[in-house]
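In what follows, a single structure is set out as C-alpha cells and then discussed.
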Amino acid sequence: MSHMDTNVKKLLCSLTLLFLSSCAPKITSTVYRDPAMDFGAIQTVAVMPFQNLSRESTAADRVRDVFINGLLSTGAVYVVPVGEVARGVARTEIQTPATPSPEEVIKLGSNIKAQAIIAGVVREYGEVRSGTSSSGVIAISVQMLEAETGKTVWTASSTKGGIDMWDRLLGGGGRPMNDITRDAVDDVIQKLFK
Amino acid sequence: MNRIDRIGGQTVVRSSFVKCREEKLFQATQLLRLCGVMAGVIVWLLISACAREKETINQVNPDRGRKFLVAVFPMENLSGKVAPLAEMRTLLIGRLRSHGFGILNDEVLDNVVTRHRIRYTAGVEKEIAKALKDETGADGILVPSLELYDDSSPPKVAMFCRLVSTGDKPAVLWMDGTGLAGDDSPGLLGLGLIEEPRALLTRAVEALARSLAQYGFGEEEGVNGGKGARKFRPKIVYRSEEVDPEMKHSIAVVPFFNKSQRKYAGEIIALHMMRSLMAFRNFEIVEPGIVRQELLRFRIIMSDGVSLPDTETILNAVDADLVLNGEVLDYQDYQGPDANPKVDFSVLFIERKTRKVMYSSYSQNTGNDGVFFFDWGKINTAHAMASQMAWAIGERMLTEAERSQANKVSNRQ
C-alpha cells in the first residue's frame with residue numbers, strides 16, 4: 001500500500017514539474033553581437049533617423065531623441081550631434097537615411113568621423129486596448145553598423161509596456177508612454193554593453 | 001413645606017438663573033473669541049491662497065538719477081491665436097510708467113523703425129539698438145512676447161518680457177516671464193478663483209512690471225542656482241567633464257526644432273531656456289535678435305539640428321562660447337479646469353573650442369506629476385511647468401559640474 005502511495009506521489013511530482021516547465025516562457029535571444037568585433041574601439045557613433053512603422057507620426061523622433069541622450073549619458077561613447085548627422089546625410093546623398101546601405105555607411109562614417117552608425121526601427125508605439133483596460137506599448141529594434149566595413153556588428157530589440165494582470169484586474173491606464181520608452185531604450189543600451 | 005419649597009424653590013431658581021446667565025455670558029464671550037480667531041484664520045488662509053509665488057528674474061542697473069527710458073516693442077504673438085495685443089501693450093506701458101520708467105513715445109519709435117526699415121521686432125538687431133540710442137536716447141528696449149491667452153473659463157495667460165540694452169553692443173539685461181491660470185489658487189470655497197480674463201491679464205502684466213522695477217534698480221544680484229523641485233529635473237542627462245562651474249559662459253540660443261503640434265513651441269522653449277539660464281551668474285545670453293541676424297547673414301538653414309560648421313560660424317559671429325539647440329516634442333496647454341499640460345523637450349549645448357557636445361538632456365513632465373491628493377501641487381499652465389524644467393537644466397549643469405570639480409580636486413590631493 002505504502003509502495004503504491006510512493007508511486008502516486010512520484011507521478012504527481014513529475015506531472016507538476018511538467019506543467020510548471022510548460023508554463024515557463026520560451027527564451028529566445030534578442031541580441032546579436034559580432035564576436036570578431038572589438039566594441040571597446042568604438043568611441044564615436046552617429047545615430048540615424050529611426051524608421052517609423054507605428055501609427056504615431058512622431059514616434060521615431062521621440063525614440064531617437066531618448067536613445068541619443070541615453071547613449072550619451074552612459075559616457076561610454078560620444079554621439080555625433082543630430083545636425084551634424086543631417087549634414088553628413090545631405091553631403092553623402094543618402095536616399096533613405098533610416099536604412100543605409102553598407103557603401104553609404106562607409107561614406108557617411110568617414111564624412112562625419114564616426115566609427116559606427118546606428119540605425120533603428122520603431123515597430124510599435126502607442127496605446128493598446130483589451131476590454132476595458134488600456135496601456136502604452138513600444139517595440140524597437142536597433143542595429144549598429146561598423147563604419148569601416150559597413151557590416152552589422154550588433155543588433156538588439158526590446159518590447160516594453162502592454163497590459164498586465166493588474167491592469168486587467170484593476171483597470172487603469174497603465175504607465176505613461178514616456179516612461180515605457182525610457183525603459184525600452186535602457187534595455188537596448190544595456191544589451192549593447194553586456 | 002410647599003411654600004418653603006416654593007420660596008426655597010424661587011430662591012434656588014433665582015440663584016440658578018443668575019448663575020445660568022453668567023455662564024451664558026461667559027460662553028457667549030468664549031464663542032465670540034473663537035469666532036474671531038476662526039475668522040482670522042479663514043481670512044489669512046484666503047489671503048495666502050490668493051498670493052502668487054514670486055518669479056525668478058535678473059538684474060539690470062539703470063541710472064538711479066534719472067528716468068530709465070524704455071522703448072517698448074510691439075508684443076510678439078506666440079500664442080498661435082488672436083489676442084488683444086495692443087491692449088496688453090498699453091497695459092504694460094501703463095504699469096511701467098507707474099513704476100517710474102520713462103517710456104519712449106510711440107510716434108518717435110515708429111519713425112526710427114520706419115527710417116531704418118526694421119521689420120523684425122521680436123528681437124533686437126544691432127542697427128535698431130544703435131539707432132535708438134543715438135537718435136532717441138533710449139536706454140533699453142523692452143521686447144514682450146505673449147505665449148498664451150485663453151479667455152475661456154478658467155482663463156489662462158502666459159507671457160515673457162526681456163529688456164535689451166541699446167548702443168553698439170545690445171545685451172539682454174533682464175528677462176522674466178509669468179504664467180497664470182484663473183484656478184491657480186482657488187482658496188476656500190473657490191473664493192480665490194479668477195474668472196475675468198482682464199483681471200488675470202492685469203495681474204500678469206503687473207507681476208512683470210513689478211519684477212522689472214524691483215530688480216531694475218540694482219537691489220539684488222543674480223543668483224547662482226537654487227533648489228528646484230525634484231520632479232522637474234531632466235530625465236536623462238549627459239554632461240561633459242569639461243564644464244567649468246567657475247567660468248562664465250556666453251550662450252547663443254538658436255531656435256529649437258518644433259516637432260510638437262503647438263505652434264511656435266520651439267521659440268517658446270528657447271525663451272524659457274534663456275530666462276532660466278540668465279538667472280545663473282555663470283551664464284550670459286546673446287540677444288536672439290543678433291543670433292537671428294547672423295543666421296540670415298550667413299544663410300544658415302538647419303534641416304535637423306545645428307551642424308558643427310554652423311555652430312562655429314554662429315559662435316564666431318556673435319563671439320559666444322556655447323550654442324544651445326534642441327527639439328520640442330510636446331508643448332500642450334489644455335482648456336478648462338481639468339487641464340493637464342504636457343511638456344517634452346531635449347536640449348543640446350555644443351562648445352566652441354572642442355566642437356563637442358558639452359551638455360545634453362531630455363526633459364518630460366505633465367501637470368499632475370507627483371500629485372496624489374486633492375490636486376495638491378498640480379500645475380495648470382505649460383509655462384509654469386516649462387520654466388521649472390528649464391531651471392532644473394541650469395541647476396543640473398552647474399551643480400554636477402561643481403561636484404565633479406570637487407571630485408577632481410580631492411583626487412589630486
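Naming works like this for the C-alpha cells: A, B, ... for the chains as they're shown, residue 1 at the start of each chain, ligands 1 onward in shown order.
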Using DSSP on the backbone coordinates, identify the residues of region 175-337 of chain B assigned to alpha helix (DSSP H); present them as JSON, numbers by chain.
{"B": [197, 198, 199, 200, 201, 202, 203, 204, 205, 206, 207, 208, 209, 210, 211, 212, 213, 214, 215, 216, 265, 266, 267, 268, 269, 270, 271, 272, 273, 274, 275, 276, 277, 278, 288, 289, 290, 291, 292, 293, 294, 295, 296, 297, 308, 309, 310, 311, 312, 313, 314, 315, 316, 317, 318]}
For the contact check between chain B and chain A, emit one row per residue of chain B within 12 Å, containing the shortest atom pair and the distance in Å rounded to one decimal, counting only C-alpha atoms, chain then rising number order, as a tab-separated table.
```
residue	atom	partner	partner_atom	distance
B:Pro234	CA	A:Asn69	CA	10.7
B:Lys235	CA	A:Arg182	CA	8.9
B:Ile236	CA	A:Asn69	CA	6.2
B:Val237	CA	A:Ser73	CA	5.6
B:Tyr238	CA	A:Ser73	CA	4.3
B:Arg239	CA	A:Ser73	CA	7.5
B:Ser240	CA	A:Gly75	CA	8.6
B:Glu241	CA	A:Gly75	CA	10.1
B:Phe256	CA	A:Gly83	CA	11.8
B:Phe257	CA	A:Gly83	CA	10.8
B:Asn258	CA	A:Thr58	CA	11.1
B:Lys259	CA	A:Thr58	CA	7.3
B:Ser260	CA	A:Thr58	CA	8.3
B:Gln261	CA	A:Thr58	CA	10.1
B:Ile300	CA	A:Arg87	CA	11.8
B:Ile301	CA	A:Arg87	CA	10.6
B:Met302	CA	A:Gly83	CA	7.3
B:Ser303	CA	A:Ala86	CA	6.9
B:Asp304	CA	A:Gly83	CA	5.2
B:Gly305	CA	A:Gly83	CA	3.7
B:Val306	CA	A:Gly83	CA	4.4
B:Ser307	CA	A:Glu84	CA	4.1
B:Leu308	CA	A:Glu84	CA	5.9
B:Pro309	CA	A:Glu84	CA	8.4
B:Asp310	CA	A:Glu84	CA	9.1
B:Thr311	CA	A:Gly83	CA	9.7
B:Leu324	CA	A:Pro81	CA	11.9
B:Asn325	CA	A:Gly83	CA	9.7
B:Gly326	CA	A:Val82	CA	9.6
B:Glu327	CA	A:Asp65	CA	8.7
B:Val328	CA	A:Arg62	CA	9.6
B:Leu329	CA	A:Arg62	CA	7.0
B:Asp330	CA	A:Arg62	CA	9.8
B:Lys342	CA	A:Asn178	CA	11.3
B:Val343	CA	A:Asn178	CA	11.3
B:Asp344	CA	A:Asn178	CA	9.2
B:Phe345	CA	A:Asp65	CA	9.1
B:Ser346	CA	A:Asp65	CA	7.4
B:Val347	CA	A:Asn69	CA	9.6
B:Leu348	CA	A:Pro81	CA	8.2
B:Phe349	CA	A:Pro81	CA	9.8
B:Ile350	CA	A:Pro81	CA	8.6
B:Glu351	CA	A:Pro81	CA	11.7
B:Arg355	CA	A:Pro81	CA	10.2
B:Lys356	CA	A:Val80	CA	8.2
B:Val357	CA	A:Pro81	CA	7.2
B:Met358	CA	A:Leu72	CA	10.6
B:Tyr359	CA	A:Leu72	CA	9.4
B:Ser360	CA	A:Asn69	CA	6.6
B:Ser361	CA	A:Asn69	CA	6.1
B:Tyr362	CA	A:Asn69	CA	6.6
B:Ser363	CA	A:Val66	CA	9.6
B:Gln364	CA	A:Asn178	CA	7.7
B:Asn365	CA	A:Asn178	CA	9.3
B:Thr366	CA	A:Pro176	CA	10.0
B:Asp369	CA	A:Pro176	CA	10.7
```
Would you pick out the contacts of Leu53 (chain A) at 8 Å or less, using only C-alpha atoms, so that residues sharing its chain but fewer than 2 positions from it are not included, and give the list as a list of chain:residue names?
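Non-adjacent residues within range: A:Gln51, A:Arg55, A:Val121, A:Val122, A:Arg123, A:Glu124.
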Suppose you want the space between CA of Lys113 (chain A) and CA of Val45 (chain A); what is it in Å?
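Taking CA of Lys113 (chain A) as the start and CA of Val45 (chain A) as the end point, the length is 8.6 Å.
The space between CA of Leu212 (chain B) and CA of Phe68 (chain B) spans 11.4 Å.
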Long-range neighbours of Lys67 (chain B) as a PyMOL selection string, 7 Å cut-off, only C-alpha atoms, 3 positions minimum in chain
chain B and resi 100-102
Fewer than 6 positions away in the same chain doesn't count, so skip those; otherwise give me all residues within 9 Å of Leu201 (chain B), counting only C-alpha atoms, as a PyMOL selection string.
chain B and resi 88+91+149+156-158+180
Using the selection just defined, write its residues with C-alpha atoms as a PDB file, in the first residue's frame.
```pdb
ATOM      1  CA  MET B  88      -1.785  94.272 -23.489  1.00  0.00           C
ATOM      2  CA  LEU B  91      -1.472  97.959 -20.102  1.00  0.00           C
ATOM      3  CA  TYR B 149      -4.038  83.858 -23.948  1.00  0.00           C
ATOM      4  CA  LYS B 156      -5.023  81.500 -18.723  1.00  0.00           C
ATOM      5  CA  VAL B 157      -2.280  83.976 -19.562  1.00  0.00           C
ATOM      6  CA  ALA B 158       1.432  83.426 -20.096  1.00  0.00           C
ATOM      7  CA  LEU B 180      -1.161  82.309 -14.628  1.00  0.00           C
TER       8      LEU B 180
END
```
If you run DSSP over the backbone, which residues in region 17-150 of chain A end up strand (DSSP E)? Put them as a PyMOL selection string.
chain A and resi 31-33+44-47+51-52+78-79+116-130+133-146
Please, what distance in Å, to one decimal, runs between CA of Glu312 (chain B) and CA of Ala252 (chain B)?
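One can read the CA of Glu312 (chain B) to CA of Ala252 (chain B) distance as 11.3 Å.
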Determine, counting only C-alpha atoms, which protein, DNA and RNA residues have an atom within 9 Å of an atom of region 164-171 of chain A; residues of the same chain fewer than 2 positions away are not included. Present the result as a list in words.
Ser130, Gly131, Thr132, Ser133, Ser134, Ser135, Gly161, Gly162, Gly173 and Gly174 of chain A
Mind checking which residues fall within 10 Å of region 161-176 of chain B, counting only C-alpha atoms, ignoring those fewer than 5 positions away in the same chain, and posting them as a ChimeraX atom specification?
/B:55-62,70-72,75-76,123-134,137-146,205,207-209,211-212,215-216,271-272,274-276,278-279,284-290
With C-alpha atoms retained, could you export that selection as a PDB file, in the first residue's frame?
```
ATOM      1  CA  GLU B  55       9.057  84.503 -10.151  1.00  0.00           C
ATOM      2  CA  THR B  56      12.761  84.384 -10.870  1.00  0.00           C
ATOM      3  CA  ILE B  57      14.303  87.382 -12.510  1.00  0.00           C
ATOM      4  CA  ASN B  58      17.588  89.049 -13.199  1.00  0.00           C
ATOM      5  CA  GLN B  59      19.243  92.304 -12.547  1.00  0.00           C
ATOM      6  CA  VAL B  60      19.576  95.491 -14.504  1.00  0.00           C
ATOM      7  CA  ASN B  61      21.330  98.588 -13.324  1.00  0.00           C
ATOM      8  CA  PRO B  62      19.930 101.723 -14.879  1.00  0.00           C
ATOM      9  CA  VAL B  70      12.467 102.317 -22.392  1.00  0.00           C
ATOM     10  CA  ALA B  71      11.302 101.726 -25.954  1.00  0.00           C
ATOM     11  CA  VAL B  72       8.522  99.150 -25.815  1.00  0.00           C
ATOM     12  CA  MET B  75       4.064  92.392 -28.470  1.00  0.00           C
ATOM     13  CA  GLU B  76       5.160  89.217 -30.255  1.00  0.00           C
ATOM     14  CA  GLY B 123      14.235  90.617 -31.192  1.00  0.00           C
ATOM     15  CA  VAL B 124      16.751  93.439 -31.193  1.00  0.00           C
ATOM     16  CA  GLU B 125      19.137  93.781 -34.094  1.00  0.00           C
ATOM     17  CA  LYS B 126      22.352  95.788 -33.924  1.00  0.00           C
ATOM     18  CA  GLU B 127      21.110  98.616 -36.182  1.00  0.00           C
ATOM     19  CA  ILE B 128      17.950  99.377 -34.230  1.00  0.00           C
ATOM     20  CA  ALA B 129      19.782  99.215 -30.901  1.00  0.00           C
ATOM     21  CA  LYS B 130      22.333 101.759 -32.116  1.00  0.00           C
ATOM     22  CA  ALA B 131      19.732 103.935 -33.812  1.00  0.00           C
ATOM     23  CA  LEU B 132      17.535 104.080 -30.734  1.00  0.00           C
ATOM     24  CA  LYS B 133      20.485 105.078 -28.560  1.00  0.00           C
ATOM     25  CA  ASP B 134      21.787 107.718 -30.937  1.00  0.00           C
ATOM     26  CA  GLY B 137      18.489 108.445 -26.172  1.00  0.00           C
ATOM     27  CA  ALA B 138      16.571 105.330 -25.125  1.00  0.00           C
ATOM     28  CA  ASP B 139      18.410 103.246 -22.540  1.00  0.00           C
ATOM     29  CA  GLY B 140      16.687  99.955 -23.149  1.00  0.00           C
ATOM     30  CA  ILE B 141      14.318  98.111 -25.433  1.00  0.00           C
ATOM     31  CA  LEU B 142      11.569  96.021 -23.922  1.00  0.00           C
ATOM     32  CA  VAL B 143      10.547  93.023 -26.024  1.00  0.00           C
ATOM     33  CA  PRO B 144       7.277  91.484 -24.803  1.00  0.00           C
ATOM     34  CA  SER B 145       6.125  88.062 -26.063  1.00  0.00           C
ATOM     35  CA  LEU B 146       2.716  86.547 -25.495  1.00  0.00           C
ATOM     36  CA  VAL B 205       1.377  92.439 -16.523  1.00  0.00           C
ATOM     37  CA  ALA B 207       3.910  90.940 -11.995  1.00  0.00           C
ATOM     38  CA  LEU B 208       6.275  91.596 -14.904  1.00  0.00           C
ATOM     39  CA  ALA B 209       6.360  95.364 -14.385  1.00  0.00           C
ATOM     40  CA  SER B 211       9.707  92.410 -11.366  1.00  0.00           C
ATOM     41  CA  LEU B 212      11.471  94.815 -13.700  1.00  0.00           C
ATOM     42  CA  TYR B 215      15.318  94.385  -9.810  1.00  0.00           C
ATOM     43  CA  GLY B 216      15.713  97.257 -12.203  1.00  0.00           C
ATOM     44  CA  LEU B 271      12.662  81.790 -24.313  1.00  0.00           C
ATOM     45  CA  HIS B 272      12.216  79.556 -21.259  1.00  0.00           C
ATOM     46  CA  MET B 274      17.074  81.953 -21.895  1.00  0.00           C
ATOM     47  CA  ARG B 275      15.132  83.172 -18.916  1.00  0.00           C
ATOM     48  CA  SER B 276      16.261  80.342 -16.674  1.00  0.00           C
ATOM     49  CA  MET B 278      20.069  84.140 -17.153  1.00  0.00           C
ATOM     50  CA  ALA B 279      19.276  83.547 -13.517  1.00  0.00           C
ATOM     51  CA  GLU B 284      25.314  85.182 -20.270  1.00  0.00           C
ATOM     52  CA  ILE B 285      22.786  85.103 -23.095  1.00  0.00           C
ATOM     53  CA  VAL B 286      23.367  86.640 -26.516  1.00  0.00           C
ATOM     54  CA  GLU B 287      20.329  88.596 -27.686  1.00  0.00           C
ATOM     55  CA  PRO B 288      18.372  86.235 -30.011  1.00  0.00           C
ATOM     56  CA  GLY B 289      17.764  89.093 -32.478  1.00  0.00           C
ATOM     57  CA  ILE B 290      21.512  89.249 -33.109  1.00  0.00           C
TER      58      ILE B 290
END
```
